[in-house]
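Engineer: Input coords17.pdb, format and content: PDB, C-alpha atoms and all ligand atoms.
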```pdb
ATOM      1  CA  MET Q 622      83.285-112.876  21.551
ATOM      2  CA  ALA Q 623      85.001-116.323  21.506
ATOM      3  CA  ALA Q 624      85.834-117.965  18.167
ATOM      4  CA  ASN Q 625      83.296-120.753  18.683
ATOM      5  CA  GLN Q 626      80.426-118.226  19.085
ATOM      6  CA  ARG Q 627      81.482-116.143  16.065
ATOM      7  CA  SER Q 628      81.740-119.268  13.892
ATOM      8  CA  ARG Q 629      77.938-119.663  14.067
ATOM      9  CA  TYR Q 630      77.808-117.202  11.166
ATOM     10  CA  VAL Q 631      80.150-119.312   9.069
ATOM     11  CA  GLN Q 632      78.896-121.965   6.682
ATOM     12  CA  VAL Q 633      81.358-124.797   6.277
ATOM     13  CA  LYS Q 634      81.101-127.696   3.849
ATOM     14  CA  ARG Q 635      83.161-130.492   2.371
ATOM     15  CA  LEU Q 636      83.065-130.112  -1.393
ATOM     16  CA  GLY Q 637      82.021-132.788  -3.864
ATOM     17  CA  ILE Q 638      82.500-132.709  -7.659
ATOM     18  CA  GLU Q 639      79.287-130.709  -7.997
ATOM     19  CA  ASP Q 640      80.909-127.914  -5.939
ATOM     20  CA  CYS Q 641      83.826-127.487  -8.308
ATOM     21  CA  GLU Q 642      83.094-123.824  -9.093
ATOM     22  CA  LEU Q 643      82.853-122.927  -5.400
ATOM     23  CA  GLY Q 644      86.175-124.670  -4.778
ATOM     24  CA  LEU Q 645      87.832-122.712  -7.582
ATOM     25  CA  GLU Q 646      86.437-119.434  -6.281
ATOM     26  CA  ALA Q 647      87.517-120.201  -2.699
ATOM     27  CA  ILE Q 648      91.087-121.119  -3.621
ATOM     28  CA  ARG Q 649      91.430-118.202  -6.025
ATOM     29  CA  THR Q 650      90.124-115.776  -3.400
ATOM     30  CA  VAL Q 651      92.039-117.054  -0.383
ATOM     31  CA  LYS Q 652      95.220-118.482  -1.851
ATOM     32  CA  LYS Q 653      95.761-116.405  -4.973
ATOM     33  CA  PRO Q 654      97.472-119.164  -7.007
ATOM     34  CA  THR Q 655     100.739-118.283  -8.705
ATOM     35  CA  ALA Q 656     101.227-118.154 -12.448
ATOM     36  CA  HIS Q 657     102.845-121.601 -12.171
ATOM     37  CA  SER Q 658      99.782-123.335 -10.681
ATOM     38  CA  THR Q 659      98.157-125.795 -13.064
ATOM     39  CA  PHE Q 660      94.821-124.888 -11.698
ATOM     40  CA  GLY Q 661      91.485-125.011 -13.451
ATOM     41  CA  SER Q 662      88.070-126.648 -13.153
ATOM     42  CA  GLY Q 663      89.200-129.815 -15.013
ATOM     43  CA  HIS Q 664      91.959-130.395 -12.513
ATOM     44  CA  LEU Q 665      89.803-129.601  -9.488
ATOM     45  CA  ARG Q 666      87.010-131.889 -10.717
ATOM     46  CA  LYS Q 667      89.508-134.774 -10.918
ATOM     47  CA  PHE Q 668      90.812-133.851  -7.464
ATOM     48  CA  LEU Q 669      87.338-133.789  -5.909
ATOM     49  CA  ALA Q 670      86.401-137.096  -7.555
ATOM     50  CA  ARG Q 671      88.978-138.893  -5.405
ATOM     51  CA  SER Q 672      87.440-139.820  -2.066
ATOM     52  CA  GLN Q 673      90.776-139.588  -0.281
ATOM     53  CA  ASN Q 674      91.009-135.858  -1.048
ATOM     54  CA  ILE Q 675      89.241-133.510   1.357
ATOM     55  CA  LEU Q 676      88.515-129.900   0.435
ATOM     56  CA  ILE Q 677      86.504-127.944   2.982
ATOM     57  CA  VAL Q 678      85.319-124.413   2.188
ATOM     58  CA  ALA Q 679      83.993-121.752   4.559
ATOM     59  CA  GLN Q 680      81.534-119.121   3.356
ATOM     60  CA  GLN Q 681      79.998-116.064   4.953
ATOM     61  CA  ALA Q 682      76.917-114.650   3.260
ATOM     62  CA  GLY Q 683      77.806-116.615   0.141
ATOM     63  CA  VAL Q 684      81.385-115.314  -0.012
ATOM     64  CA  PRO Q 685      84.134-117.942   0.255
ATOM     65  CA  THR Q 686      86.422-116.874   3.104
ATOM     66  CA  GLY Q 687      88.551-119.926   3.812
ATOM     67  CA  PHE Q 688      89.532-123.391   2.715
ATOM     68  CA  LEU Q 689      91.127-126.475   4.234
ATOM     69  CA  LEU Q 690      92.875-129.199   2.308
ATOM     70  CA  ALA Q 691      93.532-132.672   3.722
ATOM     71  CA  TYR Q 692      94.441-136.153   2.479
ATOM     72  CA  VAL Q 693      93.278-139.534   3.748
ATOM     73  CA  LEU Q 694      96.018-142.176   3.865
ATOM     74  CA  ASP Q 695      95.721-145.940   4.408
ATOM     75  CA  ARG Q 696      97.542-147.542   7.343
ATOM     76  CA  ILE Q 697      99.508-150.681   6.590
ATOM     77  CA  ASP Q 698      99.204-152.148  10.075
ATOM     78  CA  ARG Q 699      95.443-151.920  10.539
ATOM     79  CA  ASP Q 700      92.207-151.397   8.715
ATOM     80  CA  GLN Q 701      92.139-147.694   9.521
ATOM     81  CA  THR Q 702      93.201-144.462   7.899
ATOM     82  CA  MET Q 703      95.058-141.358   8.979
ATOM     83  CA  VAL Q 704      94.707-137.809   7.697
ATOM     84  CA  CYS Q 705      97.287-135.214   6.761
ATOM     85  CA  LEU Q 706      95.914-131.683   7.160
ATOM     86  CA  TYR Q 707      98.017-130.173   4.403
ATOM     87  CA  GLU Q 708      96.850-126.592   4.161
ATOM     88  CA  ILE Q 709      94.450-124.158   5.773
ATOM     89  CA  GLY Q 710      93.913-120.525   4.903
ATOM     90  CA  VAL Q 711      91.464-117.743   5.708
ATOM     91  CA  SER Q 712      91.214-114.461   3.744
ATOM     92  CA  GLU Q 713      93.104-111.782   5.631
ATOM     93  CA  SER Q 714      90.131-109.527   6.257
ATOM     94  CA  PHE Q 715      88.104-112.432   7.714
ATOM     95  CA  ARG Q 716      90.691-113.730  10.140
ATOM     96  CA  ARG Q 717      90.079-114.046  13.869
ATOM     97  CA  GLN Q 718      86.382-114.687  13.388
ATOM     98  CA  GLY Q 719      86.375-118.407  14.139
ATOM     99  CA  ILE Q 720      86.560-119.531  10.504
ATOM    100  CA  GLY Q 721      89.761-121.565  10.874
ATOM    101  CA  GLN Q 722      88.346-123.214  13.962
ATOM    102  CA  ALA Q 723      85.032-124.008  12.213
ATOM    103  CA  MET Q 724      86.852-125.710   9.302
ATOM    104  CA  ILE Q 725      88.993-127.792  11.657
ATOM    105  CA  GLU Q 726      85.921-128.849  13.648
ATOM    106  CA  ALA Q 727      84.336-129.940  10.335
ATOM    107  CA  LEU Q 728      87.436-132.000   9.529
ATOM    108  CA  LYS Q 729      87.385-133.544  13.009
ATOM    109  CA  LEU Q 730      83.752-134.598  12.471
ATOM    110  CA  ILE Q 731      84.617-136.262   9.150
ATOM    111  CA  CYS Q 732      87.540-138.045  10.834
ATOM    112  CA  LYS Q 733      85.343-139.248  13.674
ATOM    113  CA  LYS Q 734      82.706-140.544  11.263
ATOM    114  CA  GLU Q 735      85.344-142.334   9.164
ATOM    115  CA  ASN Q 736      87.087-143.803  12.240
ATOM    116  CA  VAL Q 737      90.356-142.070  11.302
ATOM    117  CA  MET Q 738      93.182-143.089  13.647
ATOM    118  CA  LYS Q 739      94.924-139.708  13.779
ATOM    119  CA  THR Q 740      95.306-136.414  11.950
ATOM    120  CA  TRP Q 741      98.502-134.414  11.785
ATOM    121  CA  VAL Q 742      99.539-131.009  10.512
ATOM    122  CA  ILE Q 743     102.976-129.437  10.179
ATOM    123  CA  THR Q 744     103.522-125.812  11.071
ATOM    124  CA  ASN Q 745     106.117-123.422  12.477
ATOM    125  CA  ARG Q 746     106.340-122.322  16.070
ATOM    126  CA  SER Q 747     106.773-118.809  14.679
ATOM    127  CA  ASN Q 748     103.304-119.025  13.076
ATOM    128  CA  LEU Q 749     101.457-118.038  16.230
ATOM    129  CA  ALA Q 750      98.012-117.940  14.602
ATOM    130  CA  ALA Q 751      98.339-121.505  13.290
ATOM    131  CA  PHE Q 752     100.060-122.765  16.447
ATOM    132  CA  ARG Q 753      97.274-121.443  18.699
ATOM    133  CA  LEU Q 754      94.555-122.571  16.297
ATOM    134  CA  TYR Q 755      95.796-126.184  16.367
ATOM    135  CA  GLN Q 756      96.363-126.128  20.121
ATOM    136  CA  GLY Q 757      92.937-124.628  20.723
ATOM    137  CA  THR Q 758      91.178-127.262  18.624
ATOM    138  CA  GLY Q 759      92.665-130.163  20.539
ATOM    139  CA  ALA Q 760      95.889-131.092  18.740
ATOM    140  CA  ALA Q 761      99.056-131.689  20.747
ATOM    141  CA  ALA Q 762     102.592-130.864  19.575
ATOM    142  CA  ASP Q 763     105.521-133.210  20.235
ATOM    143  CA  PRO Q 764     106.286-132.250  23.858
ATOM    144  CA  SER Q 765     110.048-132.800  23.474
ATOM    145  CA  GLY Q 766     110.232-130.465  20.476
ATOM    146  CA  ASP Q 767     112.464-133.159  18.940
ATOM    147  CA  GLU Q 768     110.420-133.849  15.804
ATOM    148  CA  VAL Q 769     111.707-132.270  12.624
ATOM    149  CA  THR Q 770     110.350-132.236   9.065
ATOM    150  CA  PHE Q 771     112.620-133.023   6.062
ATOM    151  CA  VAL Q 772     111.361-132.263   2.575
ATOM    152  CA  TYR Q 773     112.544-133.934  -0.651
ATOM    153  CA  ARG Q 774     112.087-131.819  -3.761
ATOM    154  CA  PRO Q 775     112.274-133.349  -7.253
ATOM    155  CA  LEU Q 776     115.896-133.691  -8.414
ATOM    156  CA  ASN Q 777     116.968-131.509 -11.317
TER     157      ASN Q 777
HETATM  158  C1  LIG H   1      96.028-119.732  10.719
HETATM  159  C2  LIG H   1      94.700-119.213  10.179
HETATM  160  C3  LIG H   1      94.117-120.264   9.197
HETATM  161  C4  LIG H   1      93.724-119.014  11.365
HETATM  162  O1  LIG H   1      92.438-118.755  10.843
HETATM  163  P1  LIG H   1      91.393-117.844  11.638
HETATM  164  O2  LIG H   1      90.069-118.040  11.004
HETATM  165  O3  LIG H   1      91.892-116.461  11.732
HETATM  166  O4  LIG H   1      91.412-118.524  13.106
HETATM  167  P2  LIG H   1      90.211-118.493  14.159
HETATM  168  O5  LIG H   1      89.546-117.150  14.124
HETATM  169  O6  LIG H   1      89.370-119.697  14.003
HETATM  170  O7  LIG H   1      91.026-118.568  15.512
HETATM  171  C5  LIG H   1      90.843-119.629  16.458
HETATM  172  C6  LIG H   1      91.864-119.408  17.574
HETATM  173  O8  LIG H   1      93.203-119.498  17.046
HETATM  174  C7  LIG H   1      94.057-118.542  17.710
HETATM  175  N1  LIG H   1      94.498-117.495  16.768
HETATM  176  C8  LIG H   1      94.071-117.277  15.499
HETATM  177  N2  LIG H   1      94.732-116.236  14.944
HETATM  178  C9  LIG H   1      95.597-115.800  15.885
HETATM  179  C10 LIG H   1      96.568-114.780  15.892
HETATM  180  N3  LIG H   1      96.772-113.975  14.824
HETATM  181  N4  LIG H   1      97.326-114.620  17.008
HETATM  182  C11 LIG H   1      97.129-115.408  18.083
HETATM  183  N5  LIG H   1      96.218-116.416  18.144
HETATM  184  C12 LIG H   1      95.458-116.598  17.046
HETATM  185  C13 LIG H   1      93.186-117.937  18.818
HETATM  186  O9  LIG H   1      93.341-118.757  19.951
HETATM  187  C14 LIG H   1      91.788-118.042  18.220
HETATM  188  O10 LIG H   1      90.770-118.025  19.183
HETATM  189  P3  LIG H   1      90.254-116.593  19.773
HETATM  190  O11 LIG H   1      90.053-115.659  18.608
HETATM  191  O12 LIG H   1      88.964-116.938  20.492
HETATM  192  O13 LIG H   1      91.334-116.114  20.694
HETATM  193  C15 LIG H   1      94.867-117.820   9.468
HETATM  194  O14 LIG H   1      95.579-116.951  10.338
HETATM  195  C16 LIG H   1      95.600-117.892   8.129
HETATM  196  O15 LIG H   1      94.995-118.094   7.066
HETATM  197  N6  LIG H   1      96.948-117.716   8.144
HETATM  198  C17 LIG H   1      97.755-117.733   6.905
HETATM  199  C18 LIG H   1      97.907-119.143   6.371
HETATM  200  C19 LIG H   1      98.577-120.054   7.397
HETATM  201  O16 LIG H   1      99.534-119.678   8.057
HETATM  202  N7  LIG H   1      98.057-121.291   7.477
HETATM  203  C20 LIG H   1      98.586-122.307   8.388
HETATM  204  C21 LIG H   1      99.769-122.963   7.751
HETATM  205  S1  LIG H   1     100.366-124.295   8.770
END
```
Starting from the coordinates I provided, produce the structure as structure tokens.

Structural biologist:
Amino acid sequence: MAANQRSRYVQVKRLGIEDCELGLEAIRTVKKPTAHSTFGSGHLRKFLARSQNILIVAQQAGVPTGFLLAYVLDRIDRDQTMVCLYEIGVSESFRRQGIGQAMIEALKLICKKENVMKTWVITNRSNLAAFRLYQGTGAAADPSGDEVTFVYRPLN
């Protein structure tokens, strides 16, 4: 069965502050935060209160099975925004059931409604699941393969 047919059984929603507990459960289940994460309901409530932060959660029969995290950024050259899809994850035992695709389609709908200029996501060519997921949901990679990502970490 194709991913888009399977995803009919997935419930996907963008969380608001009132969904704080569901957000915590989803991230704890899917991501398994490290001991270093400063992660609790106070922090998540503050996060969800900011309209530029997007947290989408997928559930199957009430069980959170995936989440997607994205940020809305203002453009300087026009009255439009762009979106960075920062993270997406699906619990291992629920993968390949259309959940990733359903969450991305939900993000695309939000972006369309908000007249977002473009959305980007960084991944590795070696991450075949992510690579195919993004390709299959309509994103295009730099055809020259020339783009590279540099990351600054805080200085010690
Ligand atoms: C990437 C990830 C979110 C995909 O979620 P998912 O729910 O399993 O993806 P879907 O079932 O919606 O798959 C949609 C399509 O993506 C592609 N795809 C997904 N997993 C794949 C895999 N393991 N191998 C090849 N293609 C894959 C397929 O084209 C699939 O459609 P199909 O099943 O009809 O062939 C999931 O594998 C994951 O959580 N990985 C670990 C975290 C991660 O790497 N996140 C991305 C960081 S950039």

Engineer: Name the residues that the PyMOL selection byres (((chain Q and resi 721) around 12) and not hetatm) picks from the file above, as a ChimeraX atom specification, using the file's chain letters and numbers.

Structural biologist: /Q:624-625,627-628,631-633,677-680,686-690,708-713,715-720,722-728,750-755,757-758

Engineer: Would you compute the distance between atom N2 of ligand LIG 1 (chain H) and CA of Ser747 (chain Q)? Give it in Å to one decimal.

Structural biologist: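 Atom-to-atom, atom N2 of ligand LIG 1 (chain H) to CA of Ser747 (chain Q), that is 12.3 Å.
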
Engineer: Mind giving me the straight-line distance from CA of Glu642 (chain Q) to CA of Thr655 (chain Q) in Å, one decimal?

Structural biologist: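 Straight-line distance from CA of Glu642 (chain Q) to CA of Thr655 (chain Q) works out to 18.5 Å.
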
Engineer: Quick one: pull the distance between CA of Ile648 (chain Q) and CA of Asp695 (chain Q), Å, one decimal.

Structural biologist: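 Rounded to one decimal, the two atoms are 26.5 Å apart.
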
Engineer: Kindly indicate which residue among Q:Val651, Q:Leu645, Q:Ile675, Q:Val737 lies nearest to Gln701 (chain Q), using all atoms listed in the file for the distances.

Structural biologist: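 Once distances to Gln701 (chain Q) are computed over all atoms listed in the file, the minimum belongs to Q:Val737.
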
Engineer: Quick one: 3 Å padding each side, axis-aligned, all listed atoms of ligand LIG 1 (chain H) - centre and edge lengths in Å to one decimal, as JSON?

Structural biologist:
```
{"center_x": 94.7, "center_y": -119.1, "center_z": 13.5, "size_x": 17.4, "size_y": 16.3, "size_z": 20.3}
```

Engineer: Using all atoms listed in the file, determine which residues lie at most 12 Å from Ser672 (chain Q), disregarding the query and same-chain residues fewer than 2 positions distant; provide the list as a PyMOL selection string.

Structural biologist: chain Q and resi 635-638+666-670+674-676+691-694+735

Engineer: Choose the residue, out of Q:Thr702, Q:Gln756, Q:Gln673, Q:Thr650, that has the smallest atom-to-atom separation from ligand LIG 1 (chain H); count all atoms listed in the file.

Structural biologist: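 For ligand LIG 1 (chain H), the nearest of the given residues is Q:Gln756.
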
Engineer: With distances taken over all atoms listed in the file, which of Q:Leu776, Q:Ile743, Q:Ala761, Q:Cys732 is nearest to ligand LIG 1 (chain H)?

Structural biologist: Q:Ile743
